[in-house]
$ cat upload.cif   # mmCIF, C-alpha atoms
data_target
#
loop_
_atom_site.label_atom_id
_atom_site.label_comp_id
_atom_site.auth_asym_id
_atom_site.auth_seq_id
_atom_site.Cartn_x
_atom_site.Cartn_y
_atom_site.Cartn_z
CA MET A 27 -32.87 -1.22 -3.56
CA GLN A 28 -31.34 -4.69 -3.36
CA ARG A 29 -28.63 -3.59 -5.78
CA ASN A 30 -27.82 -0.54 -3.65
CA LYS A 31 -27.71 -2.72 -0.56
CA THR A 32 -25.22 -5.07 -2.25
CA ARG A 33 -23.15 -2.09 -3.37
CA LEU A 34 -23.06 -0.53 0.08
CA LEU A 35 -22.16 -3.82 1.71
CA LEU A 36 -19.38 -4.51 -0.79
CA ASP A 37 -18.04 -0.97 -0.41
CA LEU A 38 -17.98 -1.31 3.36
CA VAL A 39 -16.12 -4.63 3.10
CA LEU A 40 -13.73 -3.03 0.60
CA LEU A 41 -13.00 -0.13 2.94
CA LEU A 42 -12.38 -2.42 5.91
CA ALA A 43 -10.19 -4.76 3.85
CA PHE A 44 -8.23 -1.81 2.53
CA LEU A 45 -7.65 -0.47 6.04
CA LEU A 46 -6.49 -3.89 7.21
CA ALA A 47 -4.26 -4.27 4.17
CA THR A 48 -2.52 -1.00 5.00
CA ALA A 49 -1.33 -2.51 8.28
CA PRO A 50 0.76 -5.59 7.43
CA GLU A 51 2.36 -5.27 10.87
CA LEU A 52 -1.01 -6.21 12.36
CA THR A 53 -1.99 -9.05 10.08
CA GLY A 54 1.41 -10.47 9.21
CA ILE A 55 2.76 -10.59 5.68
CA THR A 56 0.89 -13.74 4.58
CA ILE A 57 -2.57 -12.43 5.45
CA HIS A 58 -1.57 -9.03 4.02
CA GLU A 59 -0.76 -10.57 0.65
CA TRP A 60 -3.82 -12.82 0.42
CA LEU A 61 -6.09 -10.06 1.66
CA SER A 62 -4.70 -7.68 -0.97
CA LEU A 63 -5.32 -10.22 -3.73
CA GLY A 64 -8.88 -10.59 -2.49
CA LEU A 65 -9.12 -6.81 -2.47
CA ALA A 66 -8.08 -6.77 -6.14
CA ALA A 67 -10.94 -9.13 -6.98
CA ALA A 68 -13.35 -7.02 -4.92
CA ILE A 69 -12.23 -3.85 -6.72
CA LEU A 70 -12.93 -5.55 -10.04
CA THR A 71 -16.43 -6.43 -8.78
CA HIS A 72 -16.89 -2.84 -7.55
CA LEU A 73 -16.00 -1.55 -11.02
CA LEU A 74 -18.33 -4.02 -12.72
CA LEU A 75 -21.21 -3.05 -10.42
CA ASN A 76 -20.70 0.59 -11.36
CA TRP A 77 -19.92 -0.07 -15.02
CA SER A 78 -22.95 1.79 -16.37
CA TRP A 79 -21.88 4.99 -14.55
CA ILE A 80 -18.32 4.60 -15.86
CA LEU A 81 -19.60 4.25 -19.44
CA GLN A 82 -22.04 7.15 -19.12
CA VAL A 83 -19.45 9.61 -17.83
CA MET A 84 -16.78 8.36 -20.25
CA ARG A 85 -19.08 8.98 -23.23
CA ARG A 86 -20.07 12.45 -22.10
CA PHE A 87 -16.81 13.44 -20.43
CA PHE A 88 -16.15 16.37 -22.78
CA GLY A 89 -19.84 17.04 -23.31
CA LYS A 90 -22.76 17.65 -20.97
CA VAL A 91 -21.80 16.23 -17.63
CA SER A 92 -21.61 17.81 -14.18
CA TRP A 93 -18.27 18.94 -12.81
CA LYS A 94 -18.78 16.70 -9.80
CA ALA A 95 -19.06 13.64 -12.04
CA ARG A 96 -16.04 14.76 -14.03
CA ILE A 97 -13.91 15.22 -10.89
CA ASN A 98 -15.20 11.89 -9.61
CA TYR A 99 -14.20 10.21 -12.85
CA ILE A 100 -10.67 11.64 -12.77
CA LEU A 101 -10.29 10.66 -9.11
CA ASN A 102 -11.56 7.14 -9.81
CA SER A 103 -9.16 6.76 -12.74
CA LEU A 104 -6.30 7.82 -10.48
CA LEU A 105 -7.46 5.32 -7.87
CA PHE A 106 -7.54 2.57 -10.48
CA ILE A 107 -3.99 3.39 -11.60
CA VAL A 108 -2.70 3.60 -8.02
CA PHE A 109 -4.35 0.31 -7.03
CA THR A 110 -2.99 -1.43 -10.11
CA ILE A 111 0.50 -0.19 -9.23
CA ILE A 112 0.13 -1.29 -5.59
CA ILE A 113 -1.04 -4.77 -6.57
CA THR A 114 1.62 -5.21 -9.26
CA THR A 115 4.48 -4.04 -7.04
CA GLY A 116 3.02 -6.14 -4.23
CA ILE A 117 3.23 -9.22 -6.44
CA LEU A 118 6.78 -8.29 -7.46
CA ILE A 119 7.91 -8.12 -3.82
CA SER A 120 5.70 -10.97 -2.63
CA GLU A 121 7.16 -13.16 0.11
CA ALA A 122 4.26 -15.49 0.77
CA VAL A 123 2.01 -15.90 -2.27
CA LEU A 124 4.59 -16.26 -5.05
CA PRO A 125 6.85 -18.72 -3.18
CA LEU A 126 3.74 -20.82 -2.54
CA PHE A 127 3.44 -21.30 -6.30
CA GLY A 128 7.15 -22.08 -6.57
CA LEU A 129 7.96 -18.68 -8.03
CA SER A 130 10.58 -16.31 -6.74
CA ILE A 131 11.49 -12.91 -8.07
CA PRO A 132 14.68 -11.22 -6.84
CA ARG A 133 13.58 -8.49 -4.48
CA ASP A 134 13.92 -5.01 -5.87
CA ARG A 135 14.04 -1.98 -3.58
CA LEU A 136 12.44 0.15 -6.29
CA TRP A 137 9.21 -1.86 -6.19
CA LEU A 138 9.20 -1.84 -2.40
CA SER A 139 9.62 1.91 -2.36
CA ILE A 140 6.89 2.48 -4.97
CA HIS A 141 4.59 0.04 -3.10
CA HIS A 142 4.91 2.07 0.11
CA THR A 143 4.55 5.45 -1.58
CA MET A 144 1.50 4.42 -3.56
CA SER A 145 -0.14 2.94 -0.46
CA ASP A 146 0.12 6.36 1.20
CA VAL A 147 -1.32 8.01 -1.91
CA ALA A 148 -4.15 5.44 -1.94
CA VAL A 149 -5.19 6.36 1.62
CA LEU A 150 -5.56 9.98 0.51
CA LEU A 151 -7.46 9.08 -2.66
CA ILE A 152 -9.77 6.67 -0.82
CA GLY A 153 -10.54 9.43 1.66
CA LEU A 154 -11.51 11.75 -1.20
CA HIS A 155 -13.48 8.95 -2.88
CA VAL A 156 -15.51 8.30 0.28
CA ALA A 157 -15.97 12.05 0.83
CA LEU A 158 -17.33 12.58 -2.69
CA HIS A 159 -19.79 9.68 -2.22
CA TRP A 160 -20.71 10.57 1.34
CA ARG A 161 -24.21 11.72 0.47
CA TRP A 162 -24.94 8.48 -1.42
CA ILE A 163 -23.57 6.42 1.50
CA VAL A 164 -25.72 8.26 4.06
CA ASN A 165 -28.86 8.21 1.85
CA THR A 166 -28.52 4.49 1.02
CA ALA A 167 -27.84 3.56 4.63
CA GLN A 168 -30.81 5.63 5.78
CA ARG A 169 -33.06 4.02 3.17
CA ILE A 170 -31.94 0.49 4.10
CA PHE A 171 -32.18 0.98 7.83
CA GLY A 172 -35.32 3.11 7.52
CA GLN A 173 -37.02 0.34 5.53
CA ARG A 174 -35.90 -2.27 8.05
CA ARG A 175 -37.22 -0.14 10.92
CA ALA A 176 -40.54 0.29 9.10
CA LEU A 177 -40.72 -3.47 8.51
CA THR A 178 -40.03 -4.33 12.17
CA GLY A 179 -42.61 -1.71 13.17
CA ALA A 180 -45.19 -3.34 10.92
CA LYS A 181 -44.37 -6.81 12.32
CA THR A 182 -44.89 -5.66 15.89
CA LEU A 183 -48.19 -4.07 14.90
CA GLN A 184 -49.48 -7.22 13.15
CA PRO A 185 -50.50 -9.26 16.23
CA THR A 186 -52.37 -6.27 17.60
CA SER A 187 -54.48 -6.00 14.45
CA LYS A 188 -55.20 -9.74 14.59
CA GLU A 189 -56.22 -9.38 18.16
CA VAL A 190 -58.55 -6.59 17.20
CA SER A 191 -60.22 -8.65 14.44
CA SER A 192 -60.63 -11.75 16.63
CA MET B 9 -21.40 -12.89 -21.13
CA LYS B 10 -22.58 -9.42 -20.22
CA LEU B 11 -19.69 -9.11 -17.79
CA ALA B 12 -17.02 -10.44 -20.14
CA ALA B 13 -16.57 -7.23 -22.15
CA PRO B 14 -16.26 -4.85 -19.16
CA THR B 15 -13.93 -7.30 -17.41
CA LEU B 16 -11.72 -7.47 -20.50
CA ILE B 17 -11.65 -3.68 -20.78
CA ILE B 18 -10.72 -3.28 -17.11
CA MET B 19 -8.03 -5.96 -17.37
CA SER B 20 -6.61 -4.35 -20.52
CA ALA B 21 -6.45 -0.97 -18.80
CA ALA B 22 -4.71 -2.61 -15.84
CA LEU B 23 -2.24 -4.32 -18.21
CA LEU B 24 -1.41 -0.94 -19.75
CA VAL B 25 -0.59 0.41 -16.30
CA VAL B 26 1.51 -2.69 -15.52
CA GLY B 27 3.38 -2.29 -18.81
CA GLY B 28 4.07 1.35 -18.04
CA LEU B 29 5.26 0.45 -14.56
CA LEU B 30 7.64 -2.25 -15.81
CA ALA B 31 8.96 0.11 -18.50
CA PHE B 32 9.55 2.69 -15.77
CA GLY B 33 11.50 0.07 -13.83
CA GLN B 34 13.85 -0.32 -16.79
CA SER B 35 14.22 3.41 -17.41
CA GLU B 36 17.01 5.72 -16.22
CA LEU B 37 14.68 7.41 -13.77
CA GLY B 38 13.78 3.99 -12.38
CA ALA B 39 17.46 3.14 -11.98
CA GLU B 40 18.05 6.43 -10.20
CA MET B 41 15.12 5.80 -7.87
CA ARG B 42 16.38 2.29 -7.25
CA ALA B 43 19.78 3.65 -6.26
CA ASN B 44 18.22 6.18 -3.90
CA ALA B 45 15.61 3.84 -2.44
CA PRO B 46 15.94 3.23 1.30
CA ARG B 47 18.24 0.35 1.99
CA GLY B 48 17.99 -2.57 4.38
CA MET B 49 15.65 -2.11 7.29
CA ASP B 50 16.01 -3.03 10.92
CA ARG B 51 19.78 -2.99 11.07
CA PRO B 52 20.95 -4.63 14.26
CA GLU B 53 22.20 -2.38 16.99
CA GLY B 54 25.87 -1.54 16.61
CA PHE B 55 25.99 -2.76 13.06
CA VAL B 56 27.75 -0.40 10.74
CA PRO B 57 27.43 -1.29 7.08
CA GLY B 58 30.35 -1.01 4.74
CA PRO B 59 34.08 -0.69 5.42
CA GLN B 60 33.57 1.42 8.54
CA GLY B 61 32.13 -1.68 10.14
CA PHE B 62 35.55 -3.31 10.38
CA ALA B 63 36.50 -3.52 14.01
CA ARG B 64 39.87 -2.03 14.78
CA PRO B 65 41.69 -3.40 17.79
CA ASP B 66 43.29 -0.84 20.12
CA ASP B 67 46.82 -1.84 19.20
CA ALA B 68 46.15 -1.53 15.52
CA PRO B 69 48.62 0.57 13.58
CA PRO B 70 47.35 3.99 12.60
CA ALA B 71 45.30 4.09 9.48
CA PRO B 72 47.41 4.88 6.46
CA VAL B 73 47.23 8.47 5.32
CA PRO B 74 46.09 8.67 1.73
CA GLY B 75 49.15 9.07 -0.43
CA ALA B 76 51.58 8.24 2.36
CA GLY B 77 52.38 4.75 1.29
CA TYR B 78 51.67 2.14 -1.29
CA ALA B 79 50.10 -1.23 -0.94
CA GLY B 80 52.77 -3.81 -0.21
CA GLN B 81 55.03 -1.34 1.61
CA GLY B 82 53.85 -2.56 4.95
CA GLU B 83 51.72 0.44 5.69
CA GLY B 84 48.41 -0.78 4.44
CA TYR B 85 46.13 -3.45 5.75
CA ALA B 86 45.69 -5.49 2.64
CA GLY B 87 47.53 -8.76 2.75
CA GLN B 88 48.61 -8.50 6.38
CA ASP B 89 48.37 -11.70 8.33
CA GLU B 90 46.73 -9.94 11.25
CA GLY B 91 44.47 -7.79 9.17
CA TYR B 92 40.73 -7.47 9.52
CA ALA B 93 39.70 -8.34 6.04
CA GLY B 94 39.98 -11.86 4.81
CA GLN B 95 39.06 -13.55 8.05
CA ALA B 96 38.59 -17.23 7.58
CA LEU B 97 35.08 -18.39 6.83
CA ALA B 98 33.73 -21.87 7.05
CA ASP B 99 33.11 -23.57 3.71
CA ASP B 100 29.36 -23.09 3.83
CA GLU B 101 29.56 -19.51 5.06
CA ARG B 102 29.66 -16.42 2.96
CA PRO B 103 30.04 -12.86 4.10
CA GLY B 104 27.03 -10.58 4.14
CA ARG B 105 26.80 -8.85 0.80
CA GLY B 106 29.06 -5.82 0.98
CA ALA B 107 28.49 -5.67 4.67
CA GLY B 108 31.74 -6.41 6.47
CA LEU B 109 31.76 -7.29 10.13
CA ALA B 110 29.72 -5.66 12.81
CA VAL B 111 31.48 -3.49 15.37
CA SER B 112 30.71 -6.16 17.91
CA GLY B 113 32.58 -8.64 15.78
CA GLU B 114 29.39 -10.54 15.07
CA ARG B 115 28.47 -11.35 11.54
CA PRO B 116 25.50 -9.33 10.35
CA PRO B 117 22.38 -11.23 9.40
CA GLN B 118 22.26 -12.22 5.80
CA GLY B 119 20.72 -9.65 3.59
CA PHE B 120 21.99 -6.54 5.31
CA GLY B 121 24.42 -4.14 3.79
CA ARG B 122 24.48 -2.12 0.60
CA ASN B 123 22.24 -4.43 -1.36
CA ALA B 124 20.19 -5.52 1.55
CA ALA B 125 16.48 -5.97 2.03
CA GLU B 126 16.51 -9.50 0.74
CA LYS B 127 14.38 -10.13 3.75
CA ASP B 128 12.82 -7.76 6.19
CA ASP B 129 11.45 -9.98 8.88
CA HIS B 130 10.13 -7.06 10.90
CA HIS B 131 6.55 -7.48 9.74
CA HIS B 132 6.42 -11.21 9.17
CA GLU B 133 4.94 -11.88 12.55
CA PRO B 134 1.60 -10.24 13.34
CA SER B 135 1.85 -7.79 16.19
CA LEU B 136 -0.56 -5.61 18.13
CA LEU B 137 1.72 -2.71 17.22
CA GLY B 138 0.08 -2.95 13.81
CA PHE B 139 -2.92 -1.14 15.29
CA VAL B 140 -0.81 2.02 15.15
CA PRO B 141 -0.65 2.31 11.32
CA LEU B 142 -4.24 1.03 11.11
CA GLY B 143 -5.43 3.74 13.50
CA ALA B 144 -3.33 6.36 11.73
CA ASN B 145 -4.89 5.50 8.37
CA LEU B 146 -8.37 5.44 9.87
CA LEU B 147 -7.69 8.87 11.36
CA LYS B 148 -6.48 10.18 8.00
CA LEU B 149 -9.63 8.91 6.28
CA THR B 150 -11.87 10.37 8.98
CA LEU B 151 -10.10 13.71 8.73
CA ILE B 152 -10.43 13.86 4.95
CA VAL B 153 -14.07 12.77 4.89
CA GLY B 154 -14.95 14.93 7.91
CA SER B 155 -13.40 18.08 6.49
CA PHE B 156 -15.13 17.52 3.15
CA VAL B 157 -18.54 16.95 4.71
CA LEU B 158 -18.09 19.97 6.96
CA ALA B 159 -16.98 22.13 4.04
CA SER B 160 -20.00 21.08 1.96
CA LEU B 161 -22.38 21.80 4.88
CA LEU B 162 -20.86 25.25 5.38
CA LEU B 163 -21.05 25.93 1.65
CA LYS B 164 -24.71 24.94 1.56
CA ARG B 165 -25.54 27.17 4.53
CA TRP B 166 -23.64 30.06 2.95
CA GLN B 167 -25.46 29.53 -0.36
CA GLY B 168 -28.78 29.54 1.50
CA ARG B 169 -27.94 32.84 3.20
CA VAL B 170 -26.90 34.40 -0.09
CA ARG B 171 -30.15 33.25 -1.67
CA GLU B 172 -32.14 34.70 1.24
CA ALA B 173 -30.29 37.98 0.98
CA LEU B 174 -31.01 38.20 -2.74
#
$ encode --input "upload.cif" --output "structure tokens"
Amino acid sequence: MQRNKTRLLLDLVLLLAFLLATAPELTGITIHEWLSLGLAAAILTHLLLNWSWILQVMRRFFGKVSWKARINYILNSLLFIVFTIIITTGILISEAVLPLFGLSIPRDRLWLSIHHTMSDVAVLLIGLHVALHWRWIVNTAQRIFGQRRALTGAKTLQPTSKEVSS
Amino acid sequence: MKLAAPTLIIMSAALLVVGGLLAFGQSELGAEMRANAPRGMDRPEGFVPGPQGFARPDDAPPAPVPGAGYAGQGEGYAGQDEGYAGQALADDERPGRGAGLAVSGERPPQGFGRNAAEKDDHHHEPSLLGFVPLGANLLKLTLIVGSFVLASLLLKRWQGRVREAL
């Protein structure tokens, strides 16, 4: 349960960070770049948290595995490739992070163009990713909040039972 | 230690993608895309890149007709004392790359012109206008997730009816 809670929380933070990162006009280029680097680290954590699922599906990809898991796996692989491209091209056109380390790469319009195109593709893929995991998101949220509600209900009942015994 | 192996695998996969991306950048297709990539953004009003940006005074002689005369015969612009090209620049100044002069006679900001996009300051400063792309992406995600969830609900209901009918 705790693990699922951590996963859901991280996924929510990832989604919000991704949405913010797609709007550099709102955050400014410096925050956009640092946020995206943080997002890269969070994606790595997300993959590590779900590593057992990745291994399971990878081993049985051509064997006995549901079509939903197979489609999910292909979609997740595409997402990984797209995010790697976005982060790499982002570093190649960086205007805030790289100069901070004394590095400067001549700006290339190709990377800028790929960065923008892949960001649009990522929005679509993230939408599909969330849609395919919607049931898990709703179930986990219901379990977490249901448990919390049950706990608060029990706490409010406690004094009454004490009162009864005294 | 348990995390080291998956992390290494993920990083290796990411490196493969990066290698492929950089190889693409060096390829012919990459060069073609680079040539067709959108050029400098946020061109100042009235600024016309390239030779058409040269301001022509009203009393300027008519433009030479191709084939009508040769350079040095007094019909062309090159080398004329009163010409447009070759205007004196201060020692520390250099013309915008391939840009020429703006119609207004003002020098275009550095980085505009054929090989522009050295800097695109338009999203350096955070702005509330950034809520527009953020909202648009949020809307896209909601639409994708919403349509998927709706489709799965409808499918389930339809499957239930079919089962009942059978």
$ resolve_selection --input "upload.cif" --expression "the PyMOL selection byres ((chain B) within 8 of (chain A))" --output "MDAnalysis selection string"
chainID B and resid 11 14:15 18 22 25:26 29 33 38 41:42 45:47 125:126 130:139 141:142 145:146 148:150 152:154 156:157
$ closest_residue --input "upload.cif" --among "A:Met144, A:His72, A:Leu105, A:Ala67" --to "Leu35 in chain A" --atoms "all atoms listed in the file"
A:His72
$ closest_residue --input "upload.cif" --among "A:Ile170, A:Ile97, A:Ala148, A:Val123" --to "Leu41 in chain A" --atoms "only C-alpha atoms"
A:Ala148
$ atom_distance --input "upload.cif" --atom1 "CA of Ile131 in chain A" --atom2 "CA of Ser20 in chain B"
23.6 Å
$ resolve_selection --input "upload.cif" --expression "the PyMOL selection byres ((chain A and resi 96) around 12)" --output "list in words"
Trp79, Ile80, Gln82, Val83, Met84, Arg85, Arg86, Phe87, Phe88, Gly89, Lys90, Val91, Ser92, Trp93, Lys94, Ala95, Ile97, Asn98, Tyr99, Ile100, Leu101, Asn102, Ser103 and Leu158 of chain A
$ decode --input "upload.cif" --residues "range 48-75 of chain A" --atoms "C-alpha atoms" --output "mmCIF file, in the first residue's frame"
data_model
loop_
_atom_site.group_PDB
_atom_site.id
_atom_site.type_symbol
_atom_site.label_atom_id
_atom_site.label_comp_id
_atom_site.auth_asym_id
_atom_site.auth_seq_id
_atom_site.Cartn_x
_atom_site.Cartn_y
_atom_site.Cartn_z
ATOM 1 C CA THR A 48 5.802 22.175 -21.657
ATOM 2 C CA ALA A 49 5.214 25.868 -20.979
ATOM 3 C CA PRO A 50 8.626 27.577 -20.887
ATOM 4 C CA GLU A 51 6.841 30.856 -21.603
ATOM 5 C CA LEU A 52 5.287 30.602 -18.142
ATOM 6 C CA THR A 53 8.297 29.534 -16.126
ATOM 7 C CA GLY A 54 11.075 31.231 -18.047
ATOM 8 C CA ILE A 55 13.884 29.341 -19.728
ATOM 9 C CA THR A 56 16.022 28.818 -16.609
ATOM 10 C CA ILE A 57 13.296 27.128 -14.571
ATOM 11 C CA HIS A 58 12.248 25.200 -17.694
ATOM 12 C CA GLU A 59 15.727 23.720 -18.069
ATOM 13 C CA TRP A 60 16.258 22.861 -14.398
ATOM 14 C CA LEU A 61 12.746 21.480 -14.089
ATOM 15 C CA SER A 62 13.304 19.271 -17.134
ATOM 16 C CA LEU A 63 16.535 17.916 -15.682
ATOM 17 C CA GLY A 64 14.677 17.132 -12.468
ATOM 18 C CA LEU A 65 12.004 15.483 -14.581
ATOM 19 C CA ALA A 66 14.671 13.267 -16.157
ATOM 20 C CA ALA A 67 15.741 12.093 -12.700
ATOM 21 C CA ALA A 68 12.105 11.531 -11.714
ATOM 22 C CA ILE A 69 11.499 9.474 -14.869
ATOM 23 C CA LEU A 70 14.482 7.302 -13.973
ATOM 24 C CA THR A 71 12.975 6.782 -10.500
ATOM 25 C CA HIS A 72 9.589 6.006 -12.076
ATOM 26 C CA LEU A 73 11.219 3.348 -14.259
ATOM 27 C CA LEU A 74 13.105 1.860 -11.312
ATOM 28 C CA LEU A 75 9.925 1.687 -9.226
#
